[in-house]
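For reference, entry_14.txt (compact mmCIF, C-alpha atoms):
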```txt
# COMPACT_ATOMS: atom_id res chain seq x y z
CA MET A 1 121.22 109.28 84.17
CA ASP A 2 120.17 105.72 84.89
CA THR A 3 116.40 105.58 84.59
CA LEU A 4 116.20 101.96 85.70
CA SER A 5 117.15 102.93 89.24
CA TYR A 6 113.93 104.95 89.56
CA LYS A 7 111.50 102.11 88.95
CA THR A 8 108.53 102.00 91.24
CA ILE A 9 108.50 98.75 93.16
CA SER A 10 105.10 97.18 93.63
CA ALA A 11 104.76 94.66 96.43
CA ASN A 12 103.04 91.32 95.98
CA LYS A 13 102.03 88.66 98.46
CA ASN A 14 105.42 86.93 98.16
CA THR A 15 107.55 90.03 98.82
CA VAL A 16 105.45 91.60 101.58
CA GLN A 17 106.93 91.80 105.10
CA LYS A 18 104.14 91.17 107.62
CA GLU A 19 104.68 91.65 111.35
CA TRP A 20 102.64 90.95 114.48
CA VAL A 21 101.87 93.93 116.72
CA VAL A 22 100.00 94.29 120.01
CA VAL A 23 97.89 97.37 120.79
CA ASP A 24 96.66 98.10 124.31
CA ALA A 25 93.22 99.77 124.07
CA THR A 26 93.10 100.91 127.71
CA ASP A 27 91.62 104.43 127.93
CA MET A 28 91.86 104.98 124.16
CA VAL A 29 89.12 106.78 122.23
CA LEU A 30 87.38 104.18 120.05
CA GLY A 31 87.32 106.00 116.71
CA ARG A 32 90.84 107.39 116.91
CA MET A 33 92.21 103.99 117.84
CA GLY A 34 90.17 102.33 115.10
CA SER A 35 91.50 104.59 112.35
CA LYS A 36 95.12 103.96 113.33
CA VAL A 37 94.52 100.22 113.59
CA ALA A 38 92.91 100.28 110.12
CA LYS A 39 96.03 101.99 108.75
CA LEU A 40 98.23 99.34 110.38
CA LEU A 41 96.08 96.54 108.95
CA ARG A 42 96.16 98.14 105.50
CA GLY A 43 99.94 98.74 105.58
CA LYS A 44 99.78 102.49 104.99
CA TYR A 45 102.64 103.17 107.40
CA LYS A 46 105.03 101.09 105.28
CA PRO A 47 107.10 102.53 102.44
CA SER A 48 106.22 99.48 100.32
CA PHE A 49 102.45 100.13 100.52
CA THR A 50 100.58 98.81 97.49
CA PRO A 51 96.83 99.53 97.32
CA HIS A 52 95.72 96.22 95.79
CA VAL A 53 97.82 93.93 98.04
CA ASP A 54 97.42 92.93 101.68
CA CYS A 55 100.73 94.35 102.89
CA GLY A 56 99.64 95.33 106.41
CA ASP A 57 100.52 93.86 109.77
CA ASN A 58 98.61 91.40 111.91
CA VAL A 59 97.18 93.43 114.81
CA ILE A 60 96.24 92.08 118.26
CA ILE A 61 94.11 94.41 120.40
CA ILE A 62 94.02 93.68 124.13
CA ASN A 63 91.87 95.28 126.87
CA ALA A 64 89.04 95.94 124.40
CA ASP A 65 86.61 96.28 127.29
CA LYS A 66 88.47 99.39 128.55
CA VAL A 67 87.96 101.52 125.43
CA VAL A 68 86.18 104.88 125.84
CA LEU A 69 83.80 107.02 123.82
CA THR A 70 83.57 110.79 124.29
CA GLY A 71 80.40 112.70 125.05
CA ASN A 72 77.08 110.84 125.05
CA LYS A 73 78.04 108.48 122.23
CA TRP A 74 77.55 105.37 124.40
CA THR A 75 73.79 105.93 124.31
CA ASP A 76 73.13 108.47 121.53
CA ARG A 77 74.95 106.76 118.65
CA VAL A 78 72.82 104.15 116.89
CA TYR A 79 74.01 101.29 114.66
CA TYR A 80 71.44 99.94 112.20
CA ARG A 81 71.28 96.56 110.49
CA HIS A 82 68.60 94.72 108.53
CA THR A 83 67.64 91.06 108.78
CA GLY A 84 66.51 90.91 105.16
CA TYR A 85 62.85 90.37 106.04
CA PRO A 86 60.11 93.02 105.81
CA GLY A 87 60.16 95.16 108.94
CA GLY A 88 63.50 93.64 109.86
CA GLN A 89 65.42 96.82 110.67
CA ARG A 90 67.21 96.45 113.99
CA GLU A 91 69.13 99.05 115.94
CA THR A 92 71.66 98.91 118.74
CA THR A 93 73.89 101.29 120.65
CA PRO A 94 77.59 100.99 121.50
CA GLU A 95 76.59 100.47 125.14
CA LYS A 96 74.56 97.35 124.26
CA LEU A 97 77.29 96.03 121.94
CA MET A 98 79.93 96.55 124.64
CA ALA A 99 77.83 94.67 127.18
CA GLN A 100 77.27 91.85 124.68
CA SER A 101 80.81 91.62 123.29
CA PRO A 102 83.57 94.28 123.28
CA GLU A 103 85.28 92.39 120.46
CA LYS A 104 82.28 92.90 118.16
CA LEU A 105 82.21 96.65 118.79
CA ILE A 106 85.88 97.16 117.90
CA LYS A 107 85.68 94.88 114.85
CA LYS A 108 82.61 96.81 113.64
CA VAL A 109 84.41 100.13 113.99
CA VAL A 110 87.58 98.97 112.21
CA LYS A 111 85.59 97.22 109.46
CA GLY A 112 83.89 100.51 108.62
CA MET A 113 87.32 102.09 108.03
CA LEU A 114 88.56 99.44 105.60
CA PRO A 115 87.75 99.12 101.87
CA LYS A 116 84.36 97.60 101.11
CA ASN A 117 85.58 94.79 98.84
CA ARG A 118 87.21 91.35 98.99
CA LEU A 119 90.55 92.82 99.97
CA GLY A 120 88.94 94.66 102.91
CA ALA A 121 87.33 91.44 104.13
CA GLN A 122 90.65 89.62 103.87
CA ILE A 123 92.48 92.42 105.71
CA LEU A 124 89.91 92.32 108.53
CA SER A 125 90.83 88.69 109.15
CA ASN A 126 94.28 89.95 110.29
CA LEU A 127 92.67 91.65 113.31
CA TYR A 128 92.46 89.79 116.63
CA VAL A 129 90.56 91.41 119.51
CA PHE A 130 90.61 90.26 123.13
CA ALA A 131 88.57 91.73 125.99
CA GLY A 132 91.15 91.05 128.68
CA SER A 133 94.86 91.69 128.96
CA GLU A 134 95.78 88.14 127.87
CA HIS A 135 95.90 86.83 124.30
CA ASN A 136 96.67 83.44 122.75
CA LYS A 137 99.10 84.69 120.07
CA GLN A 138 102.36 84.56 122.07
CA ALA A 139 103.83 82.05 119.60
CA GLN A 140 103.99 84.78 116.92
CA GLN A 141 106.19 86.93 119.23
CA PRO A 142 104.29 90.17 118.63
CA LYS A 143 105.88 93.50 119.46
CA THR A 144 104.00 96.10 121.49
CA ILE A 145 103.28 99.33 119.64
CA ASP A 146 102.17 102.71 120.98
CA LEU A 147 99.44 104.14 118.73
CA ASN A 148 100.02 107.66 120.07
CA SER A 149 103.42 107.70 118.34
CA LEU A 150 101.77 107.12 114.92
CA LYS A 151 100.23 109.90 112.87
```

Go ahead and express the file in the form of structure tokens.
Amino acid sequence: MDTLSYKTISANKNTVQKEWVVVDATDMVLGRMGSKVAKLLRGKYKPSFTPHVDCGDNVIIINADKVVLTGNKWTDRVYYRHTGYPGGQRETTPEKLMAQSPEKLIKKVVKGMLPKNRLGAQILSNLYVFAGSEHNKQAQQPKTIDLNSLK
């Protein structure tokens, strides 16, 4: 038996195959979409997934302003942050974030589903969110992907 044929292959940044994909967020539930996008960004759907390497795809999300939340989450869910000063705790709801910038809401959701380290920050830079149906990444020739077909 040839044991060399069973070597585990670990990807590195030179051997990784990155693609560009477009996701249409129209009428998609925010959290479910975010978890699948995080998996795409991380590269977990690829057979060559390596945990310590950015082997995921570049993801473009269009129609971010048409995403939905179930139940009363638009007003009842609260996001907290702190300015760093005494008494500096601030809170906001998804409704306020959506009115301010739909891109920020989706990036916040996906960021929470990525690793909290330097690799997670670098992976988040591969996410591009656009409120409308147009995007400025046509030069990369992205392919459209249906998130409902992914597990």

- request: In the coordinates of the file, take the point (100.7, 86.7, 125.2) and a cut-off of 12 Å; then, counting all atoms listed in the file, name each qualifying protein, DNA or RNA residue as a ChimeraX atom specification.
  value: /A:20-23,60-62,130,132-144

Padding 4 Å on every side, please: axis-aligned box over the listed atoms of stretch 66-72 of chain A, centre and edge lengths to one decimal in Å, as lines of an AutoDock Vina configuration file.
```
center_x = 82.8
center_y = 106.0
center_z = 126.2
size_x = 19.4
size_y = 21.3
size_z = 12.7
```

task: Compile the contact shell of A:Gln122 as JSON, numbers by chain: residues with an atom at most 12 Å away, counting only C-alpha atoms, same-chain residues fewer than 6 positions apart removed.
output: {"A": [41, 42, 52, 53, 54, 55, 56, 58, 111, 114, 115, 116]}

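Within 7 Å of A:Pro102, once only C-alpha atoms are used and residues closer than 6 positions along the same chain are dropped, the contacting residues are Ala64, Asp65 and Ala131 of chain A.
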
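Pairwise distance (atom CA of A:Thr83, atom CA of A:Gly112) equals 18.8 Å.
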
- prompt: Can you tell me how far atom CA of A:Tyr45 sits from atom CA of A:Ala25, in Å to one decimal?
  reply: 19.4 Å

query: Hey, which of A:Met98, A:Ala38, A:Val59, A:Val129 ends up closest to A:Thr75? Count all atoms listed in the file.
result: A:Met98

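Between A:Leu119 and the residues A:Pro51, A:Leu150, A:Arg77, A:Gly87, the shortest atom-to-atom distance, using only C-alpha atoms, involves A:Pro51.
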
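Residue neighbourhood of A:Met113, excluding near-sequence residues (fewer than 6 positions): A:Gly34, A:Ser35, A:Ala38, A:Lys39, at 9 Å, using all atoms listed in the file.
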
Please save C-alpha atoms of the selected residues as a short mmCIF file (atom, residue, chain, number, x, y, z; two decimals), in the coordinates of the input.
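Final file, part06.cif:
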```cif
data_model
loop_
_atom_site.label_atom_id
_atom_site.label_comp_id
_atom_site.auth_asym_id
_atom_site.auth_seq_id
_atom_site.Cartn_x
_atom_site.Cartn_y
_atom_site.Cartn_z
CA GLY A 34 90.17 102.33 115.10
CA SER A 35 91.50 104.59 112.35
CA ALA A 38 92.91 100.28 110.12
CA LYS A 39 96.03 101.99 108.75
#
```
